file final08.txt (compact mmCIF, C-alpha atoms)
# COMPACT_ATOMS: atom_id res chain seq x y z
CA MET A 1240 3.68 -19.01 15.05
CA THR A 1241 4.47 -22.48 13.76
CA THR A 1242 7.86 -22.61 12.08
CA GLY A 1243 7.54 -23.71 8.49
CA SER A 1244 3.95 -22.53 8.06
CA ALA A 1245 3.08 -19.50 5.94
CA VAL A 1246 -0.51 -19.41 7.21
CA THR A 1247 -1.36 -16.18 9.03
CA GLU A 1248 -2.57 -16.83 12.58
CA PRO A 1249 -5.42 -14.94 14.19
CA ALA A 1250 -4.20 -11.86 16.02
CA THR A 1251 -3.16 -12.61 19.59
CA PRO A 1252 -4.96 -10.40 22.11
CA GLY A 1253 -2.61 -7.57 22.99
CA ALA A 1254 -0.16 -8.36 20.16
CA PRO A 1255 0.20 -5.55 17.61
CA THR A 1256 -0.17 -6.32 13.94
CA LEU A 1257 2.66 -5.96 11.46
CA GLY A 1258 0.83 -2.91 10.10
CA GLU A 1259 0.89 -1.31 13.55
CA ILE A 1260 4.59 -2.09 13.92
CA ILE A 1261 5.26 -0.51 10.53
CA ALA A 1262 3.39 2.62 11.62
CA VAL A 1263 5.73 2.91 14.62
CA LEU A 1264 8.81 2.39 12.45
CA GLU A 1265 7.71 4.89 9.82
CA GLU A 1266 6.99 7.48 12.46
CA ALA A 1267 10.49 7.02 13.88
CA TYR A 1268 12.21 6.63 10.51
CA PRO A 1269 10.01 8.54 8.01
CA PRO A 1270 10.25 7.11 4.47
CA ARG A 1271 10.36 10.69 3.13
CA LEU A 1272 13.88 10.97 4.59
CA ALA A 1273 15.20 8.14 2.41
CA GLU A 1274 17.52 9.03 -0.46
CA SER A 1275 15.89 8.92 -3.91
CA TRP A 1276 17.84 5.80 -4.92
CA ASP A 1277 16.94 3.86 -1.78
CA ARG A 1278 14.33 1.12 -1.40
CA VAL A 1279 13.07 1.07 2.18
CA GLY A 1280 10.02 -0.42 3.84
CA LEU A 1281 8.23 -3.75 3.85
CA VAL A 1282 9.96 -6.41 1.77
CA ALA A 1283 7.78 -9.38 2.70
CA GLY A 1284 4.96 -9.95 5.17
CA ASP A 1285 1.24 -9.69 5.87
CA ARG A 1286 0.29 -6.38 7.50
CA SER A 1287 -2.57 -8.06 9.36
CA ALA A 1288 -0.36 -10.72 10.97
CA PRO A 1289 0.36 -10.47 14.72
CA VAL A 1290 3.88 -9.60 15.83
CA ARG A 1291 5.15 -10.81 19.19
CA ARG A 1292 8.91 -11.04 18.63
CA VAL A 1293 11.26 -8.92 16.51
CA VAL A 1294 14.92 -9.45 15.67
CA VAL A 1295 16.99 -6.44 14.56
CA ALA A 1296 20.16 -6.70 12.43
CA VAL A 1297 22.21 -4.68 9.97
CA ASP A 1298 21.99 -7.25 7.15
CA ALA A 1299 19.70 -10.11 6.16
CA THR A 1300 22.24 -12.91 5.67
CA ASP A 1301 21.84 -16.67 5.96
CA GLU A 1302 23.15 -16.60 9.54
CA VAL A 1303 20.86 -13.75 10.51
CA VAL A 1304 17.84 -15.49 9.00
CA ASP A 1305 18.83 -18.69 10.86
CA HIS A 1306 18.93 -16.68 14.07
CA ALA A 1307 15.59 -14.95 13.47
CA LEU A 1308 13.81 -18.23 12.75
CA ALA A 1309 15.44 -19.92 15.75
CA GLN A 1310 14.13 -17.06 17.89
CA ASP A 1311 10.63 -17.68 16.49
CA ALA A 1312 10.60 -14.06 15.31
CA ASP A 1313 7.59 -12.64 13.53
CA LEU A 1314 9.61 -9.78 12.03
CA LEU A 1315 13.22 -9.31 10.98
CA LEU A 1316 14.07 -5.60 10.91
CA VAL A 1317 17.26 -4.82 8.98
CA HIS A 1318 19.14 -1.69 8.03
CA HIS A 1319 20.28 -2.67 4.55
CA PRO A 1320 17.48 -3.39 2.03
CA PRO A 1321 18.03 -6.78 0.42
CA LEU A 1322 16.38 -5.74 -2.87
CA MET A 1323 18.05 -2.46 -3.84
CA LYS A 1324 17.88 -3.02 -7.60
CA GLY A 1325 15.13 -4.25 -9.85
CA VAL A 1326 14.75 -8.01 -9.88
CA HIS A 1327 12.93 -10.33 -12.25
CA SER A 1328 12.96 -13.36 -9.96
CA VAL A 1329 12.98 -14.32 -6.29
CA ALA A 1330 13.26 -18.01 -7.04
CA ALA A 1331 14.48 -20.17 -4.18
CA ASP A 1332 17.62 -21.14 -6.12
CA THR A 1333 18.89 -17.54 -6.03
CA HIS A 1334 20.65 -16.14 -2.97
CA LYS A 1335 18.13 -13.42 -2.11
CA GLY A 1336 15.20 -15.55 -3.22
CA ARG A 1337 16.33 -18.31 -0.87
CA LEU A 1338 16.37 -15.93 2.09
CA LEU A 1339 12.91 -14.57 1.27
CA HIS A 1340 11.44 -18.06 0.81
CA ARG A 1341 12.83 -19.17 4.16
CA LEU A 1342 11.45 -16.12 5.97
CA ILE A 1343 8.02 -16.42 4.35
CA ALA A 1344 7.84 -20.16 5.04
CA GLY A 1345 8.83 -19.46 8.64
CA GLY A 1346 6.14 -16.80 9.07
CA CYS A 1347 8.72 -14.04 9.57
CA ALA A 1348 8.22 -10.68 7.85
CA LEU A 1349 11.13 -8.59 6.56
CA PHE A 1350 11.33 -4.78 6.81
CA SER A 1351 14.21 -2.38 6.13
CA ALA A 1352 14.97 1.12 7.39
CA HIS A 1353 18.06 2.40 5.57
CA THR A 1354 18.90 6.00 4.65
CA ASN A 1355 15.67 7.15 6.31
CA ALA A 1356 17.08 5.70 9.56
CA ASP A 1357 20.44 7.34 8.78
CA SER A 1358 18.81 10.79 8.61
CA ALA A 1359 16.16 10.40 11.33
CA ARG A 1360 16.47 11.90 14.82
CA PRO A 1361 17.31 9.74 16.64
CA GLY A 1362 18.73 7.41 14.03
CA VAL A 1363 21.83 5.53 12.92
CA ASN A 1364 24.17 8.48 13.27
CA ASP A 1365 22.84 9.48 16.68
CA ALA A 1366 23.39 5.91 17.90
CA LEU A 1367 26.94 5.99 16.53
CA ALA A 1368 27.70 9.28 18.28
CA GLU A 1369 26.24 8.11 21.57
CA VAL A 1370 28.16 4.83 21.65
CA LEU A 1371 31.32 6.95 21.35
CA GLY A 1372 30.21 9.09 24.29
CA LEU A 1373 29.44 12.10 22.07
CA THR A 1374 26.34 14.30 22.09
CA PRO A 1375 24.83 14.11 18.57
CA GLY A 1376 24.89 17.60 17.09
CA ARG A 1377 23.49 19.10 13.92
CA PRO A 1378 23.38 17.02 10.73
CA LEU A 1379 26.37 17.14 8.44
CA ALA A 1380 24.08 17.11 5.38
CA PRO A 1381 20.64 18.44 6.42
CA SER A 1382 17.58 17.03 4.68
CA GLY A 1383 16.10 19.46 2.16
CA ASP A 1384 17.68 22.62 0.74
CA GLY A 1385 17.01 24.95 3.67
CA THR A 1386 13.70 26.15 2.23
CA VAL A 1387 10.88 26.28 4.76
CA ASP A 1388 7.16 26.98 4.58
CA ARG A 1389 5.87 29.99 6.47
CA TRP A 1390 2.34 29.30 7.68
CA VAL A 1391 -0.18 32.03 8.50
CA VAL A 1392 -3.30 30.96 10.40
CA THR A 1393 -5.99 33.07 12.07
CA VAL A 1394 -7.63 31.65 15.19
CA PRO A 1395 -9.83 32.95 18.04
CA GLU A 1396 -7.68 34.17 20.92
CA GLY A 1397 -8.99 31.56 23.35
CA ASP A 1398 -8.08 28.67 21.02
CA VAL A 1399 -4.51 29.58 20.09
CA ASP A 1400 -2.88 27.24 22.62
CA THR A 1401 -4.77 24.20 21.33
CA LEU A 1402 -3.87 25.08 17.74
CA MET A 1403 -0.18 25.55 18.49
CA GLN A 1404 0.07 22.32 20.49
CA SER A 1405 -1.34 20.50 17.46
CA VAL A 1406 1.04 22.01 14.88
CA PHE A 1407 4.09 21.74 17.14
CA ALA A 1408 3.36 18.04 17.67
CA ALA A 1409 3.33 17.69 13.88
CA GLY A 1410 6.88 19.06 13.64
CA ALA A 1411 6.27 22.75 12.97
CA GLY A 1412 7.95 25.65 14.76
CA ARG A 1413 11.55 24.37 14.80
CA MET A 1414 14.33 26.86 14.04
CA SER A 1415 18.09 26.49 14.55
CA GLY A 1416 17.89 24.49 17.75
CA TYR A 1417 14.77 26.24 19.08
CA THR A 1418 11.34 24.61 19.21
CA GLU A 1419 7.74 25.88 19.51
CA CYS A 1420 8.60 29.08 17.66
CA SER A 1421 5.74 31.31 16.47
CA PHE A 1422 4.65 34.93 16.08
CA SER A 1423 1.17 36.37 16.56
CA VAL A 1424 -0.60 39.69 16.22
CA ALA A 1425 -4.15 40.58 17.26
CA GLY A 1426 -6.87 41.41 14.78
CA THR A 1427 -10.57 41.05 14.00
CA GLY A 1428 -12.05 38.21 12.00
CA ARG A 1429 -15.28 38.91 10.08
CA PHE A 1430 -17.58 36.41 8.40
CA ARG A 1431 -21.23 35.56 7.70
CA PRO A 1432 -22.11 31.83 7.92
CA GLY A 1433 -24.12 30.63 4.92
CA ASP A 1434 -26.77 27.97 4.50
CA GLY A 1435 -25.46 24.47 5.23
CA THR A 1436 -22.64 25.65 7.49
CA ASP A 1437 -22.18 24.73 11.12
CA PRO A 1438 -20.38 27.73 12.64
CA THR A 1439 -18.52 27.30 15.92
CA ILE A 1440 -19.14 30.97 16.65
CA GLY A 1441 -22.15 32.96 15.40
CA ALA A 1442 -25.33 31.97 13.61
CA VAL A 1443 -26.26 31.15 10.01
CA GLY A 1444 -27.10 34.31 8.06
CA GLU A 1445 -25.79 36.74 10.65
CA ALA A 1446 -22.61 38.82 10.33
CA GLU A 1447 -20.05 38.05 13.01
CA GLU A 1448 -16.90 39.70 14.35
CA VAL A 1449 -14.41 37.73 16.44
CA ALA A 1450 -11.24 38.82 18.25
CA GLU A 1451 -8.61 36.62 16.58
CA LEU A 1452 -4.87 36.19 16.45
CA ARG A 1453 -2.90 35.97 13.22
CA VAL A 1454 -0.33 33.27 14.02
CA GLU A 1455 2.80 32.57 11.95
CA PHE A 1456 5.21 29.64 12.20
CA VAL A 1457 7.58 27.69 9.94
CA ALA A 1458 7.69 24.02 8.96
CA PRO A 1459 9.65 21.89 6.46
CA PRO A 1460 7.96 21.61 3.04
CA GLU A 1461 7.87 17.82 3.32
CA LEU A 1462 5.55 18.17 6.34
CA ARG A 1463 3.02 20.30 4.46
CA SER A 1464 0.20 17.73 4.41
CA VAL A 1465 0.86 16.71 8.03
CA VAL A 1466 0.84 20.32 9.27
CA ARG A 1467 -2.31 21.11 7.27
CA ARG A 1468 -4.08 18.23 9.01
CA ALA A 1469 -2.73 19.44 12.37
CA VAL A 1470 -4.17 22.92 11.72
CA ILE A 1471 -7.57 21.43 10.89
CA ASP A 1472 -7.50 19.13 13.92
CA GLY A 1473 -6.42 21.87 16.34
CA HIS A 1474 -8.63 24.67 15.03
CA PRO A 1475 -12.17 25.27 16.30
CA TYR A 1476 -13.57 26.41 12.93
CA GLU A 1477 -14.90 23.97 10.37
CA VAL A 1478 -13.08 25.98 7.67
CA PRO A 1479 -9.85 27.45 9.13
CA ALA A 1480 -8.22 30.31 7.23
CA MET A 1481 -4.60 29.43 6.43
CA ASP A 1482 -1.91 30.49 3.97
CA VAL A 1483 1.36 28.76 3.13
CA LEU A 1484 4.24 30.91 1.85
CA VAL A 1485 7.54 29.53 0.57
CA ASN A 1486 10.42 31.04 2.52
CA HIS A 1487 13.82 30.68 0.85
CA ALA A 1488 15.68 32.13 3.85
CA GLY A 1489 15.29 29.05 5.97
CA PRO A 1490 16.93 28.69 9.38
CA ALA A 1491 20.35 27.10 9.81
CA PRO A 1492 20.19 23.41 10.74
CA GLY A 1493 19.94 22.72 14.45
CA ALA A 1494 20.66 19.74 16.66
CA GLU A 1495 17.10 18.46 16.22
CA ASP A 1496 17.08 18.61 12.41
CA ALA A 1497 17.18 15.49 10.25
CA GLY A 1498 19.91 14.69 7.76
CA LEU A 1499 22.92 12.52 7.05
CA GLY A 1500 25.90 12.53 9.39
CA ARG A 1501 26.41 14.46 12.62
CA VAL A 1502 28.73 17.20 13.88
CA CYS A 1503 29.83 16.67 17.48
CA GLU A 1504 32.16 18.28 20.00
CA LEU A 1505 34.48 16.32 22.30
CA ASP A 1506 34.19 17.25 25.98
CA ALA A 1507 37.97 17.63 26.05
CA PRO A 1508 40.55 17.60 23.23
CA MET A 1509 42.35 14.36 22.45
CA THR A 1510 44.91 13.27 19.91
CA LEU A 1511 44.03 11.50 16.68
CA ALA A 1512 45.65 8.35 18.06
CA GLU A 1513 43.54 8.56 21.23
CA PHE A 1514 40.35 9.12 19.26
CA THR A 1515 41.13 6.19 16.97
CA ARG A 1516 41.60 3.98 20.02
CA LEU A 1517 38.30 5.26 21.47
CA VAL A 1518 36.49 4.28 18.27
CA ALA A 1519 38.11 0.83 18.28
CA ASP A 1520 37.20 0.28 21.94
CA ARG A 1521 33.57 1.40 21.63
CA LEU A 1522 32.58 -0.24 18.34
CA PRO A 1523 32.22 -4.01 17.89
CA SER A 1524 35.49 -5.56 16.78
CA THR A 1525 36.06 -6.61 13.17
CA SER A 1526 38.94 -7.96 11.12
CA TRP A 1527 38.95 -4.61 9.34
CA GLY A 1528 39.65 -2.81 12.61
CA VAL A 1529 39.94 0.98 12.75
CA ARG A 1530 42.54 3.05 10.93
CA ALA A 1531 43.26 6.76 10.72
CA ALA A 1532 44.85 9.17 8.25
CA GLY A 1533 46.72 12.13 9.74
CA ASP A 1534 49.25 13.09 12.39
CA PRO A 1535 48.73 10.70 15.34
CA GLU A 1536 49.60 13.49 17.81
CA ALA A 1537 47.36 16.15 16.23
CA ARG A 1538 44.73 17.32 18.69
CA ILE A 1539 41.07 17.23 17.80
CA ARG A 1540 37.93 18.74 19.30
CA ARG A 1541 35.26 18.81 16.59
CA VAL A 1542 34.20 15.45 15.15
CA ALA A 1543 32.12 14.88 12.03
CA LEU A 1544 30.80 11.37 11.54
CA CYS A 1545 28.66 9.36 9.16
CA GLY A 1546 27.77 5.70 9.57
CA GLY A 1547 28.28 3.38 6.60
CA SER A 1548 29.87 4.79 3.44
CA GLY A 1549 30.44 8.53 3.83
CA ASP A 1550 33.03 9.60 1.27
CA SER A 1551 30.42 11.73 -0.49
CA LEU A 1552 30.35 14.02 2.57
CA LEU A 1553 34.10 14.68 2.78
CA GLY A 1554 33.70 18.24 1.53
CA LEU A 1555 30.97 18.93 4.08
CA ALA A 1556 33.19 17.65 6.88
CA ARG A 1557 35.75 20.24 5.83
CA SER A 1558 33.16 23.02 5.53
CA VAL A 1559 31.90 22.57 9.12
CA GLY A 1560 35.41 22.92 10.51
CA ALA A 1561 35.76 19.33 11.69
CA ASP A 1562 39.17 18.26 12.99
CA VAL A 1563 38.45 14.63 12.12
CA TYR A 1564 35.82 12.79 10.09
CA LEU A 1565 34.77 9.25 11.05
CA THR A 1566 33.14 7.07 8.38
CA GLY A 1567 33.65 3.83 6.44
CA ASP A 1568 34.60 2.36 3.06
CA LEU A 1569 37.22 5.02 2.31
CA ARG A 1570 39.42 4.49 -0.76
CA HIS A 1571 43.10 5.23 -1.36
CA HIS A 1572 42.90 8.00 -3.96
CA VAL A 1573 39.90 9.66 -2.33
CA VAL A 1574 41.71 9.85 1.00
CA ASP A 1575 45.01 10.97 -0.51
CA GLU A 1576 43.42 13.82 -2.47
CA HIS A 1577 41.24 14.83 0.47
CA LEU A 1578 44.25 15.21 2.76
CA ARG A 1579 46.19 17.15 0.11
CA GLU A 1580 43.25 19.53 -0.17
CA GLY A 1581 43.37 20.38 3.53
CA GLY A 1582 41.62 17.59 5.37
CA PRO A 1583 40.18 17.12 7.94
CA MET A 1584 41.92 14.03 9.27
CA LEU A 1585 40.08 10.76 8.74
CA VAL A 1586 39.17 7.70 10.77
CA ASP A 1587 37.94 4.71 8.79
CA ALA A 1588 36.03 1.88 10.49
CA ALA A 1589 34.14 -1.12 9.15
CA HIS A 1590 30.81 -0.29 7.52
CA TRP A 1591 28.92 -2.87 9.61
CA ALA A 1592 30.51 -1.78 12.90
CA LEU A 1593 29.54 1.87 12.35
CA GLU A 1594 25.88 0.96 11.84
CA PHE A 1595 25.52 -1.85 14.38
CA PRO A 1596 24.80 0.50 17.38
CA TRP A 1597 21.51 1.45 15.68
CA CYS A 1598 20.19 -2.08 16.19
CA ALA A 1599 19.92 -1.59 19.97
CA GLN A 1600 18.26 1.79 19.43
CA ALA A 1601 15.65 0.28 17.09
CA ALA A 1602 15.00 -2.67 19.42
CA ALA A 1603 14.44 -0.33 22.38
CA LEU A 1604 12.12 1.80 20.25
CA LEU A 1605 9.92 -1.19 19.39
CA GLU A 1606 9.79 -2.43 22.96
CA GLU A 1607 8.83 1.02 24.26
CA ARG A 1608 6.38 2.16 21.57
CA ALA A 1609 4.96 -1.12 20.29
CA GLY A 1610 5.21 -3.33 23.36
CA VAL A 1611 6.86 -6.24 21.57
CA ALA A 1612 9.89 -8.27 22.55
CA ALA A 1613 12.77 -7.03 20.37
CA THR A 1614 16.32 -8.38 20.43
CA VAL A 1615 19.50 -7.64 18.50
CA CYS A 1616 21.18 -10.29 16.37
CA ASP A 1617 24.86 -10.03 17.31
CA ARG A 1618 26.06 -12.17 14.40
CA ARG A 1619 28.89 -10.21 12.78
CA THR A 1620 27.89 -9.62 9.16
CA ASP A 1621 30.96 -7.63 8.19
CA PRO A 1622 32.25 -9.52 5.12
CA TRP A 1623 35.95 -9.17 6.00
CA THR A 1624 37.12 -12.18 8.02
CA VAL A 1625 40.95 -12.20 7.98
CA SER A 1626 43.63 -9.53 8.39
CA ALA A 1627 47.41 -9.78 8.46
CA GLY A 1628 50.55 -7.76 8.07
CA GLY A 1629 49.55 -4.42 9.55
CA ASP A 1630 52.29 -2.31 11.10
CA GLY A 1631 50.13 -0.75 13.82
CA GLY A 1632 50.38 2.69 12.26
CA GLY A 1633 54.14 2.80 11.98
CA ARG A 1634 55.91 4.22 8.91
CA ARG A 1635 58.78 2.50 7.17
call {"tool": "encode", "arguments": {"input": "final08.txt", "output": "structure tokens"}}
result
Amino acid sequence: MTTGSAVTEPATPGAPTLGEIIAVLEEAYPPRLAESWDRVGLVAGDRSAPVRRVVVAVDATDEVVDHALAQDADLLLVHHPPLMKGVHSVAADTHKGRLLHRLIAGGCALFSAHTNADSARPGVNDALAEVLGLTPGRPLAPSGDGTVDRWVVTVPEGDVDTLMQSVFAAGAGRMSGYTECSFSVAGTGRFRPGDGTDPTIGAVGEAEEVAELRVEFVAPPELRSVVRRAVIDGHPYEVPAMDVLVNHAGPAPGAEDAGLGRVCELDAPMTLAEFTRLVADRLPSTSWGVRAAGDPEARIRRVALCGGSGDSLLGLARSVGADVYLTGDLRHHVVDEHLREGGPMLVDAAHWALEFPWCAQAAALLEERAGVAATVCDRRTDPWTVSAGGDGGGRR
């Protein structure tokens, strides 16, 4: 890549294209998991362009763009979408337009993974839990409403393993922490192949009976098209028999399920003051720092957390029996009323610091799955730059 040129170079042998990188990112952070108001995905770039170097950051700011171009990056992957609301101009004399013009002129694409990366497994909230030394548990706010599809497929007995491997790989068969769940019962399949068919078993015009299994498994409704393709790919028949039933008694969310936030258990109890110090020690430092609301000596074991702004999940943190809820951007009246209503206790950290651990996760993902060089931009993009006058938690 020649800095300052917007001309797409021929693909370098062995270098994936931007389109191939996007496929990796969308597999890891499915766009279907994004909140309805979000705007995730490719902001600028040519899907056919080669990608050799990627820079990952939370925000696309002037300093981050400077860094990405200095690194000769072909892609800047950010968490926060720069164009969340409708725009009528990206002129170079506007703030966001200036950033986009600089990236395009420098041959650097821009892609965002926001609330889809928050909900994905692993994703932003898993990275946050892990940097604190916690095992990421079930989501605080599971994706979907708990409704699942119940699939019924008939398949020859000798082909059931191939079929199930295909549908399990597509995400089916997960229930409350268990995977590869299914039920089957033996039966007899009967059919007569007609003209123009190409039967795997039997002959055109002749009645056939086959020892088959009726297999049942569940899958999230949002995976319906993916699971249907997996059934077709893993089934020996050219026209597999399948039914999809809506099941409103879906399983409880498990540790592998997607969704916002996480519920975690400490290995050993600690006080609120100790947990607050742990958060401050493990997250990157900011002027905002880390503050807590509650009795400093109260002991905690169950932790709910949500990277970024999580005040909308305060009620869920209470409902899961959390002793403390870690999130960002908490406001005075919201916190006061929450504590008066029974808690749990709160720990408030800087929005940027809570989401920054994801950058290393995303960079490692791209290096492992796409074979590109991916680095994290460590420029602190938290907007708060000065603090003064705190009393260290003391009360006057």
call {"tool": "residues_near_point", "arguments": {"input": "final08.txt", "point": "(31.3, 13.1, 8.3)", "cutoff": "10 Å", "atoms": "all atoms listed in the file", "output": "PyMOL selection string"}}
result
chain A and resi 1364+1378-1380+1499-1503+1542-1546+1548-1557+1559+1561+1563-1567+1583+1585-1586
call {"tool": "atom_distance", "arguments": {"input": "final08.txt", "atom1": "atom CA of Leu1349 of chain A", "atom2": "atom CA of Gly1284 of chain A"}}
result
6.5 Å
call {"tool": "atom_distance", "arguments": {"input": "final08.txt", "atom1": "atom CA of Phe1595 of chain A", "atom2": "atom CA of Ala1532 of chain A"}}
result
23.1 Å
call {"tool": "residues_near_point", "arguments": {"input": "final08.txt", "point": "(-0.6, 22.9, 9.2)", "cutoff": "9 Å", "atoms": "only C-alpha atoms", "output": "PDB file with C-alpha atoms, in the frame of the given file"}}
result
ATOM      1  CA  TRP A1390       2.340  29.300   7.680  1.00  0.00           C
ATOM      2  CA  VAL A1392      -3.300  30.960  10.400  1.00  0.00           C
ATOM      3  CA  SER A1405      -1.340  20.500  17.460  1.00  0.00           C
ATOM      4  CA  VAL A1406       1.040  22.010  14.880  1.00  0.00           C
ATOM      5  CA  ALA A1409       3.330  17.690  13.880  1.00  0.00           C
ATOM      6  CA  ALA A1411       6.270  22.750  12.970  1.00  0.00           C
ATOM      7  CA  ALA A1458       7.690  24.020   8.960  1.00  0.00           C
ATOM      8  CA  LEU A1462       5.550  18.170   6.340  1.00  0.00           C
ATOM      9  CA  ARG A1463       3.020  20.300   4.460  1.00  0.00           C
ATOM     10  CA  SER A1464       0.200  17.730   4.410  1.00  0.00           C
ATOM     11  CA  VAL A1465       0.860  16.710   8.030  1.00  0.00           C
ATOM     12  CA  VAL A1466       0.840  20.320   9.270  1.00  0.00           C
ATOM     13  CA  ARG A1467      -2.310  21.110   7.270  1.00  0.00           C
ATOM     14  CA  ARG A1468      -4.080  18.230   9.010  1.00  0.00           C
ATOM     15  CA  ALA A1469      -2.730  19.440  12.370  1.00  0.00           C
ATOM     16  CA  VAL A1470      -4.170  22.920  11.720  1.00  0.00           C
ATOM     17  CA  ILE A1471      -7.570  21.430  10.890  1.00  0.00           C
ATOM     18  CA  MET A1481      -4.600  29.430   6.430  1.00  0.00           C
ATOM     19  CA  VAL A1483       1.360  28.760   3.130  1.00  0.00           C
TER      20      VAL A1483
END
call {"tool": "closest_residue", "arguments": {"input": "final08.txt", "among": "A:Val1303, A:Ala1512, A:Leu1367, A:Leu1257", "to": "Ala1592 of chain A", "atoms": "all atoms listed in the file"}}
result
A:Leu1367
call {"tool": "atom_distance", "arguments": {"input": "final08.txt", "atom1": "atom CA of Ile1440 of chain A", "atom2": "atom CA of Glu1396 of chain A"}}
result
12.6 Å
call {"tool": "closest_residue", "arguments": {"input": "final08.txt", "among": "A:Arg1292, A:His1590, A:His1319, A:Arg1429", "to": "Thr1525 of chain A", "atoms": "only C-alpha atoms"}}
result
A:His1590
call {"tool": "closest_residue", "arguments": {"input": "final08.txt", "among": "A:Gly1325, A:Glu1419, A:Ala1480, A:Ala1497", "to": "Arg1271 of chain A", "atoms": "all atoms listed in the file"}}
result
A:Ala1497
call {"tool": "residues_around", "arguments": {"input": "final08.txt", "residues": "segment 1342-1348 of chain A", "least_positions_apart": "2", "cutoff": "12 Å", "atoms": "all atoms listed in the file", "output": "count of residues only"}}
result
58
call {"tool": "closest_residue", "arguments": {"input": "final08.txt", "among": "A:Gly1498, A:Pro1460, A:Pro1270, A:Gly1581", "to": "Thr1386 of chain A", "atoms": "only C-alpha atoms"}}
result
A:Pro1460
call {"tool": "closest_residue", "arguments": {"input": "final08.txt", "among": "A:Asp1472, A:Ser1526, A:Ser1328, A:Gly1362", "to": "Ala1627 of chain A", "atoms": "all atoms listed in the file"}}
result
A:Ser1526
